[in-house]
Amino acid sequence: MKMAVIGAGAIGNIVAGYLRLKNESVYLIGRPSTVDAIKKNGLCISGVRGEYIVNMEVQERLTQKPDLAILSVKTQDLDQVLKDNLSYLEGVGLLATQNGVEADKIITRYFPSGNFVSSIVMFGATYLEAGKVVHNFEGDWIIGRLNKRENDVYLNEVQQLLNSIFPTIIANDIQGMKYLKIFLNANNCIPAILGISMQEAFSDERISRISIAIWKEGWDIINKSGISLTSLPSFPVERLTGLVNLPLAQAAQIFSGIMVNLSKEPLYGSILQSIKRGRSSEIDFINGELVKLAKDNNLSAPLNQKLVDMVHEVEKTGAFFSKDQLLMEAEKFLH
C-alpha cells in the first residue's frame with residue numbers, strides 16, 4: 001500500500017518515520033522548510049524508542065494518488081489542504097488524526113464517508129524544529145467509522161497496517177471517544193497561555209485547579225447537551241467523573257501528580273507547539289468546541305471562553321501570561 005502522510009508536524013513526522021522504518025511505502029508532505037531539512041539531514045526522531053535518522057521521500061504537495069492518505073495537519077489547516085490536493089485525493093482512502101470533532105465534518109463535506117476513517121491518537125510527540133521531533137510517550141491508535149458497518153474489510157486492513165507501529169484498536173463509537181478526548185486536550189491551553197511545559201505548569205497545584213475547573217464546566221455542558229461519552233482504552237469515563245465529583249483541591253492534587261509524570265522529556269501540548277511555530281492553534285476546536293456546545297444549547301462556558309480568549313491573545317501578541325495573571329483571570333470561575 002502506497003501511503004502519503006500529509007502534514008509534517010509532531011504526529012505526522014512520527015507516523016511517517018516509523019512506517020518507513022518498517023519498510024512501508026510512504027512519503028511525507030510538508031512545508032518547504034521541512035522538505036529542505038529532511039532532504040538534507042533526514043527525519044530525526046528521538047524519545048521513548050531511541051534515536052533514529054530516517055531517510056524518506058518528502059515533498060511539498062501530492063503529485064500522485066496514494067492508496068491511503070493520513071491527514072495529520074491541524075484542523076484549522078485541513079480545509080485548505082483538502083482543496084490544494086483535491087484531485088489526488090478523490091477515490092483515495094483517508095485517515096484523519098485531528099483532535100476534536102470538527103475535522104470529521106470538514107472531510108465529509110469533500111468526500112463520501114465510505115472513503116473516510118476517523119481516528120484518535122493517544123501517543124504523544126513534540127515538534128522541535130523542521131525535520132526534528134521527540135516521541136514523548138506511547139499510546140494506542142484508535143480508529144473507527146462515523147457510521148459503523150458490519151464486516152468492514154477496509155477498516156481491518158487499516159488496523160493491520162497501523163498495528164505495525166502503534167497498538168491499533170477499532171472503536172464501535174469513535175465519536176463518543178472523540179468527545180472524551182476533548183477533555184484530555186482541553187488542558188493544553190494552560191501551558192500555551194503560560195509558555196511553559198506541561199510538567200512545569202501542572203506541578204503547581206494552583207494551576208491544576210484550573211484544569212479540574214475546565215473539566216467540571218465541560219462535564220456539565222456535555223451532559224446538558226445530551227452527548228454520551230465513550231471510554232478510551234487508557235482513560236475510562238469513570239476517571240473523568242471521579243475527578244469532577246471530587247473537591248477541587250483534592251482533584252487538583254491527583255491531576256498534578258499524573259501530569260508531572262507523563263513524560264521524561266518536556267511536553268508542551270499541541271496548542272503551544274503551534275504558537276511556538278508562529279501558527280494559529282487548534283484552541284477553537286478544543287476548548288472552543290465546549291464553548292460552541294454551550295452556545296448551541298443555551299448554556300454558558302465562561303471559564304473555557306476566557307481561556308480561548310487568552311490563547312488568542314498570546315497568538316496575536318506573542319507575549320505569554322504569568323501564573324499570577326492566569327490565576328487572577330481564572331479565580332472567579334473556580335468553585
# chains A, B, ... in the order shown; residues from 1 in each chain; ligands from 1
>>> select_by_dssp(residues="segment 119-314 of chain A", states="helix (DSSP H, G or I)", output="PyMOL selection string")
chain A and resi 153-162+174-194+198-202+205-224+237-244+248-260+269-276+283-285+287-296+302-314
>>> residues_around(residues="Ile45 of chain A", least_positions_apart="3", cutoff="9 Å", atoms="only C-alpha atoms", output="PDB file with N, CA and C atoms, in the first residue's frame")
ATOM      1  N   ASN A  13       5.278  13.457  11.476  1.00  0.00           N
ATOM      2  CA  ASN A  13       6.673  13.008  11.371  1.00  0.00           C
ATOM      3  C   ASN A  13       6.883  11.660  12.065  1.00  0.00           C
ATOM      4  N   ILE A  14       6.293  11.508  13.252  1.00  0.00           N
ATOM      5  CA  ILE A  14       6.436  10.241  13.978  1.00  0.00           C
ATOM      6  C   ILE A  14       5.841   9.100  13.163  1.00  0.00           C
ATOM      7  N   GLY A  17       7.846   8.473   9.887  1.00  0.00           N
ATOM      8  CA  GLY A  17       9.150   7.900  10.188  1.00  0.00           C
ATOM      9  C   GLY A  17       9.075   6.456  10.619  1.00  0.00           C
ATOM     10  N   ARG A  49      11.622   5.520  22.132  1.00  0.00           N
ATOM     11  CA  ARG A  49      12.101   4.343  21.391  1.00  0.00           C
ATOM     12  C   ARG A  49      13.558   4.481  20.953  1.00  0.00           C
ATOM     13  N   GLY A  50      14.214   5.527  21.399  1.00  0.00           N
ATOM     14  CA  GLY A  50      15.595   5.736  20.997  1.00  0.00           C
ATOM     15  C   GLY A  50      15.718   6.826  19.938  1.00  0.00           C
ATOM     16  N   GLU A  51      16.870   6.865  19.290  1.00  0.00           N
ATOM     17  CA  GLU A  51      17.147   7.910  18.300  1.00  0.00           C
ATOM     18  C   GLU A  51      17.300   7.300  16.907  1.00  0.00           C
ATOM     19  N   TYR A  52      16.671   7.950  15.935  1.00  0.00           N
ATOM     20  CA  TYR A  52      16.700   7.471  14.553  1.00  0.00           C
ATOM     21  C   TYR A  52      16.882   8.659  13.613  1.00  0.00           C
ATOM     22  N   ILE A  53      17.598   8.404  12.535  1.00  0.00           N
ATOM     23  CA  ILE A  53      17.604   9.323  11.399  1.00  0.00           C
ATOM     24  C   ILE A  53      17.032   8.550  10.227  1.00  0.00           C
ATOM     25  N   VAL A  54      15.885   8.984   9.749  1.00  0.00           N
ATOM     26  CA  VAL A  54      15.144   8.243   8.742  1.00  0.00           C
ATOM     27  C   VAL A  54      15.265   8.954   7.402  1.00  0.00           C
ATOM     28  N   GLY A 131      11.933  18.924  10.649  1.00  0.00           N
ATOM     29  CA  GLY A 131      12.616  17.640  10.494  1.00  0.00           C
ATOM     30  C   GLY A 131      13.096  17.008  11.778  1.00  0.00           C
ATOM     31  N   LYS A 132      12.735  17.571  12.949  1.00  0.00           N
ATOM     32  CA  LYS A 132      13.165  17.009  14.236  1.00  0.00           C
ATOM     33  C   LYS A 132      11.985  16.934  15.194  1.00  0.00           C
ATOM     34  N   VAL A 133      11.731  15.719  15.731  1.00  0.00           N
ATOM     35  CA  VAL A 133      10.634  15.524  16.668  1.00  0.00           C
ATOM     36  C   VAL A 133      11.070  14.609  17.812  1.00  0.00           C
ATOM     37  N   VAL A 134      10.358  14.726  18.929  1.00  0.00           N
ATOM     38  CA  VAL A 134      10.544  13.838  20.071  1.00  0.00           C
ATOM     39  C   VAL A 134       9.274  13.011  20.244  1.00  0.00           C
ATOM     40  N   HIS A 135       9.439  11.709  20.384  1.00  0.00           N
ATOM     41  CA  HIS A 135       8.323  10.825  20.731  1.00  0.00           C
ATOM     42  C   HIS A 135       8.293  10.747  22.251  1.00  0.00           C
TER      43      HIS A 135
END
>>> residues_around(residues="Asn147 of chain A", least_positions_apart="4", cutoff="10 Å", atoms="only C-alpha atoms", output="PDB file with C-alpha atoms, in the first residue's frame")
ATOM      1  CA  SER A 113     -17.974   8.723   4.278  1.00  0.00           C
ATOM      2  CA  GLY A 114     -17.126   5.360   2.718  1.00  0.00           C
ATOM      3  CA  VAL A 117     -11.690   6.548   8.623  1.00  0.00           C
ATOM      4  CA  ASN A 172     -17.544   0.960  17.973  1.00  0.00           C
ATOM      5  CA  ASP A 173     -18.298   4.574  18.927  1.00  0.00           C
ATOM      6  CA  ILE A 174     -15.462   6.768  17.668  1.00  0.00           C
ATOM      7  CA  GLN A 175     -17.445   9.976  18.128  1.00  0.00           C
TER       8      GLN A 175
END
>>> residues_around(residues="Glu282 of chain A", least_positions_apart="3", cutoff="8 Å", atoms="only C-alpha atoms", output="list in words")
Lys74, Thr75, Gln76, Ser270, Ile271, Phe285 and Ile286 of chain A
>>> write_last_selection(atoms="N, CA and C atoms", output="PDB file, in the first residue's frame")
ATOM      1  N   LYS A  74      -3.223  20.196  11.364  1.00  0.00           N
ATOM      2  CA  LYS A  74      -4.179  20.645  12.371  1.00  0.00           C
ATOM      3  C   LYS A  74      -5.529  20.951  11.701  1.00  0.00           C
ATOM      4  N   THR A  75      -6.587  20.908  12.496  1.00  0.00           N
ATOM      5  CA  THR A  75      -7.937  21.119  11.971  1.00  0.00           C
ATOM      6  C   THR A  75      -8.061  22.447  11.242  1.00  0.00           C
ATOM      7  N   GLN A  76      -7.427  23.491  11.748  1.00  0.00           N
ATOM      8  CA  GLN A  76      -7.544  24.811  11.138  1.00  0.00           C
ATOM      9  C   GLN A  76      -6.900  24.880   9.754  1.00  0.00           C
ATOM     10  N   SER A 270      -0.140  20.443  21.983  1.00  0.00           N
ATOM     11  CA  SER A 270      -0.280  20.838  20.581  1.00  0.00           C
ATOM     12  C   SER A 270      -0.512  22.328  20.400  1.00  0.00           C
ATOM     13  N   ILE A 271      -1.204  22.962  21.339  1.00  0.00           N
ATOM     14  CA  ILE A 271      -1.534  24.378  21.182  1.00  0.00           C
ATOM     15  C   ILE A 271      -0.281  25.239  21.298  1.00  0.00           C
ATOM     16  N   PHE A 285     -11.123  24.411  18.346  1.00  0.00           N
ATOM     17  CA  PHE A 285     -11.692  23.078  18.135  1.00  0.00           C
ATOM     18  C   PHE A 285     -11.553  22.188  19.376  1.00  0.00           C
ATOM     19  N   ILE A 286     -10.988  22.748  20.442  1.00  0.00           N
ATOM     20  CA  ILE A 286     -10.840  22.008  21.700  1.00  0.00           C
ATOM     21  C   ILE A 286     -11.708  22.715  22.755  1.00  0.00           C
TER      22      ILE A 286
END
>>> atom_distance(atom1="atom CA of Ser203 of chain A", atom2="atom CA of Ala10 of chain A")
24.1 Å
>>> residues_around(residues="Asn163 of chain A", least_positions_apart="4", cutoff="12 Å", atoms="only C-alpha atoms", output="ChimeraX atom specification")
/A:15,18-19,22,139-143,156-159,167-170
>>> residues_around(residues="segment 35-42 of chain A", least_positions_apart="2", cutoff="8 Å", atoms="only C-alpha atoms", output="list of chain:residue names")
A:Ile29, A:Gly30, A:Arg31, A:Pro32, A:Ser33, A:Cys44, A:Ile53, A:Val54, A:Asn55, A:Met56, A:Glu57, A:Val58, A:Gln59, A:Glu60, A:Ala130, A:Gly131
>>> residues_around(residues="Glu265 of chain A", least_positions_apart="3", cutoff="12 Å", atoms="only C-alpha atoms", output="list in words")
Ser46, Gly47, Val48, Gly124, Ala125, Thr126, Leu128, Val133, Val134, His135, Asn136, Phe137, Ser197, Met198, Gln199, Glu200, Val260, Asn261, Leu262 and Tyr268 of chain A
>>> select_by_dssp(residues="segment 38-285 of chain A", states="strand (DSSP E)", output="PyMOL selection string")
chain A and resi 43-47+52-54+57-59+68-71+93-96+116-121+124-129+132-137+141-144+168-170
>>> write_last_selection(atoms="C-alpha atoms", output="compact mmCIF listing (two decimals), in the first residue's frame")
# COMPACT_ATOMS: atom_id res chain seq x y z
CA LEU A 43 13.98 12.92 9.57
CA CYS A 44 15.36 12.97 13.13
CA ILE A 45 13.30 11.16 15.76
CA SER A 46 14.27 10.83 19.42
CA GLY A 47 12.41 9.84 22.56
CA TYR A 52 16.70 7.47 14.55
CA ILE A 53 17.60 9.32 11.40
CA VAL A 54 15.14 8.24 8.74
CA GLU A 57 10.70 10.68 0.40
CA VAL A 58 9.34 14.14 1.21
CA GLN A 59 7.63 16.77 -0.93
CA LEU A 68 -4.07 5.79 1.76
CA ALA A 69 -3.67 9.43 2.80
CA ILE A 70 -3.06 10.02 6.52
CA LEU A 71 -4.17 13.58 7.26
CA GLY A 93 -8.77 6.09 1.45
CA LEU A 94 -8.44 8.86 4.06
CA LEU A 95 -7.42 8.59 7.71
CA ALA A 96 -7.90 11.66 9.93
CA PHE A 116 -13.01 8.02 5.36
CA VAL A 117 -11.69 6.55 8.62
CA SER A 118 -11.65 8.70 11.75
CA SER A 119 -9.04 8.18 14.45
CA ILE A 120 -7.80 9.23 17.88
CA VAL A 121 -4.08 9.45 18.60
CA GLY A 124 2.45 11.94 22.37
CA ALA A 125 5.09 13.79 20.38
CA THR A 126 6.75 17.20 20.31
CA TYR A 127 7.86 19.17 17.27
CA LEU A 128 11.32 20.64 17.91
CA GLU A 129 12.15 22.19 14.55
CA LYS A 132 13.16 17.01 14.24
CA VAL A 133 10.63 15.52 16.67
CA VAL A 134 10.54 13.84 20.07
CA HIS A 135 8.32 10.82 20.73
CA ASN A 136 7.30 11.58 24.34
CA PHE A 137 5.13 8.65 25.32
CA TRP A 141 -4.15 4.49 17.92
CA ILE A 142 -7.94 4.23 17.89
CA ILE A 143 -9.75 4.07 14.53
CA GLY A 144 -13.40 3.87 13.55
CA THR A 168 -4.38 -0.02 16.92
CA ILE A 169 -7.91 -0.52 18.22
CA ILE A 170 -11.17 -0.43 16.26
>>> atom_distance(atom1="atom CA of Asn188 of chain A", atom2="atom CA of Gly269 of chain A")
5.3 Å
>>> closest_residue(among="A:Gly226, A:Ser234, A:Leu82, A:Ala213", to="Leu246 of chain A", atoms="only C-alpha atoms")
A:Ala213
>>> atom_distance(atom1="atom CA of Glu289 of chain A", atom2="atom CA of Met122 of chain A")
19.4 Å
>>> closest_residue(among="A:Ser87, A:Thr230, A:Gln325, A:Ser72", to="Ala103 of chain A", atoms="only C-alpha atoms")
A:Ser72
>>> closest_atom_pairs(of="segment 223-256 of chain A", to="segment 298-307 of chain A", cutoff="12 Å", atoms="only C-alpha atoms", output="tab-separated table")
residue	atom	partner	partner_atom	distance
A:Asn223	CA	A:Leu299	CA	11.2
A:Lys224	CA	A:Leu299	CA	8.3
A:Ser225	CA	A:Leu299	CA	8.9
>>> decode(residues="segment 77-187 of chain A", atoms="C-alpha atoms", output="tab-separated table (two decimals), in the first residue's frame")
chain	number	residue	atom	x	y	z
A	77	ASP	CA	-5.37	23.89	8.12
A	78	LEU	CA	-7.44	20.94	6.93
A	79	ASP	CA	-9.86	22.74	4.62
A	80	GLN	CA	-7.04	24.37	2.61
A	81	VAL	CA	-5.01	21.14	2.43
A	82	LEU	CA	-8.00	19.24	1.06
A	83	LYS	CA	-8.62	21.94	-1.56
A	84	ASP	CA	-4.95	22.01	-2.59
A	85	ASN	CA	-4.78	18.24	-3.08
A	86	LEU	CA	-8.36	17.50	-4.10
A	87	SER	CA	-7.65	15.88	-7.46
A	88	TYR	CA	-5.15	13.46	-5.91
A	89	LEU	CA	-7.43	12.52	-3.01
A	90	GLU	CA	-10.62	11.65	-4.89
A	91	GLY	CA	-11.33	7.94	-4.50
A	92	VAL	CA	-8.46	7.56	-2.04
A	93	GLY	CA	-8.77	6.09	1.45
A	94	LEU	CA	-8.44	8.86	4.06
A	95	LEU	CA	-7.42	8.59	7.71
A	96	ALA	CA	-7.90	11.66	9.93
A	97	THR	CA	-5.79	12.22	13.06
A	98	GLN	CA	-7.07	15.62	14.22
A	99	ASN	CA	-8.21	16.43	17.75
A	100	GLY	CA	-11.80	17.44	18.35
A	101	VAL	CA	-14.85	16.59	16.24
A	102	GLU	CA	-14.88	19.33	13.60
A	103	ALA	CA	-12.30	17.71	11.29
A	104	ASP	CA	-14.61	14.80	10.53
A	105	LYS	CA	-17.31	17.25	9.45
A	106	ILE	CA	-14.87	19.12	7.19
A	107	ILE	CA	-13.67	15.95	5.46
A	108	THR	CA	-17.17	14.64	4.79
A	109	ARG	CA	-18.01	17.90	3.02
A	110	TYR	CA	-15.48	16.91	0.35
A	111	PHE	CA	-15.55	13.12	0.30
A	112	PRO	CA	-18.09	10.33	0.86
A	113	SER	CA	-17.97	8.72	4.28
A	114	GLY	CA	-17.13	5.36	2.72
A	115	ASN	CA	-13.63	6.65	1.91
A	116	PHE	CA	-13.01	8.02	5.36
A	117	VAL	CA	-11.69	6.55	8.62
A	118	SER	CA	-11.65	8.70	11.75
A	119	SER	CA	-9.04	8.18	14.45
A	120	ILE	CA	-7.80	9.23	17.88
A	121	VAL	CA	-4.08	9.45	18.60
A	122	MET	CA	-3.19	8.59	22.19
A	123	PHE	CA	0.60	8.68	21.82
A	124	GLY	CA	2.45	11.94	22.37
A	125	ALA	CA	5.09	13.79	20.38
A	126	THR	CA	6.75	17.20	20.31
A	127	TYR	CA	7.86	19.17	17.27
A	128	LEU	CA	11.32	20.64	17.91
A	129	GLU	CA	12.15	22.19	14.55
A	130	ALA	CA	11.82	21.34	10.87
A	131	GLY	CA	12.62	17.64	10.49
A	132	LYS	CA	13.16	17.01	14.24
A	133	VAL	CA	10.63	15.52	16.67
A	134	VAL	CA	10.54	13.84	20.07
A	135	HIS	CA	8.32	10.82	20.73
A	136	ASN	CA	7.30	11.58	24.34
A	137	PHE	CA	5.13	8.65	25.32
A	138	GLU	CA	3.49	5.53	23.91
A	139	GLY	CA	-0.23	5.05	23.41
A	140	ASP	CA	-2.91	3.41	21.32
A	141	TRP	CA	-4.15	4.49	17.92
A	142	ILE	CA	-7.94	4.23	17.89
A	143	ILE	CA	-9.75	4.07	14.53
A	144	GLY	CA	-13.40	3.87	13.55
A	145	ARG	CA	-16.17	4.93	11.23
A	146	LEU	CA	-18.68	7.68	11.92
A	147	ASN	CA	-21.29	5.25	10.59
A	148	LYS	CA	-20.47	1.74	11.75
A	149	ARG	CA	-20.78	-1.09	9.23
A	150	GLU	CA	-20.61	-4.85	9.58
A	151	ASN	CA	-17.63	-6.81	8.25
A	152	ASP	CA	-15.65	-3.65	7.46
A	153	VAL	CA	-12.79	-5.18	5.50
A	154	TYR	CA	-11.08	-1.85	4.77
A	155	LEU	CA	-11.12	-0.82	8.43
A	156	ASN	CA	-9.47	-4.13	9.32
A	157	GLU	CA	-6.80	-3.53	6.65
A	158	VAL	CA	-6.02	-0.09	8.08
A	159	GLN	CA	-5.82	-1.58	11.57
A	160	GLN	CA	-3.37	-4.24	10.42
A	161	LEU	CA	-1.20	-1.62	8.73
A	162	LEU	CA	-1.06	0.79	11.66
A	163	ASN	CA	-0.61	-2.01	14.17
A	164	SER	CA	2.95	-2.37	12.94
A	165	ILE	CA	3.85	0.97	14.54
A	166	PHE	CA	1.29	1.50	17.34
A	167	PRO	CA	-1.28	-0.75	19.01
A	168	THR	CA	-4.38	-0.02	16.92
A	169	ILE	CA	-7.91	-0.52	18.22
A	170	ILE	CA	-11.17	-0.43	16.26
A	171	ALA	CA	-13.82	1.58	18.12
A	172	ASN	CA	-17.54	0.96	17.97
A	173	ASP	CA	-18.30	4.57	18.93
A	174	ILE	CA	-15.46	6.77	17.67
A	175	GLN	CA	-17.45	9.98	18.13
A	176	GLY	CA	-18.20	9.32	21.80
A	177	MET	CA	-14.49	8.69	22.31
A	178	LYS	CA	-13.58	11.89	20.46
A	179	TYR	CA	-15.74	13.95	22.80
A	180	LEU	CA	-13.97	12.36	25.77
A	181	LYS	CA	-10.59	13.09	24.15
A	182	ILE	CA	-11.57	16.77	24.08
A	183	PHE	CA	-11.33	16.71	27.88
A	184	LEU	CA	-7.77	15.32	27.70
A	185	ASN	CA	-6.77	18.02	25.21
A	186	ALA	CA	-8.63	20.85	26.96
A	187	ASN	CA	-5.75	21.39	29.41
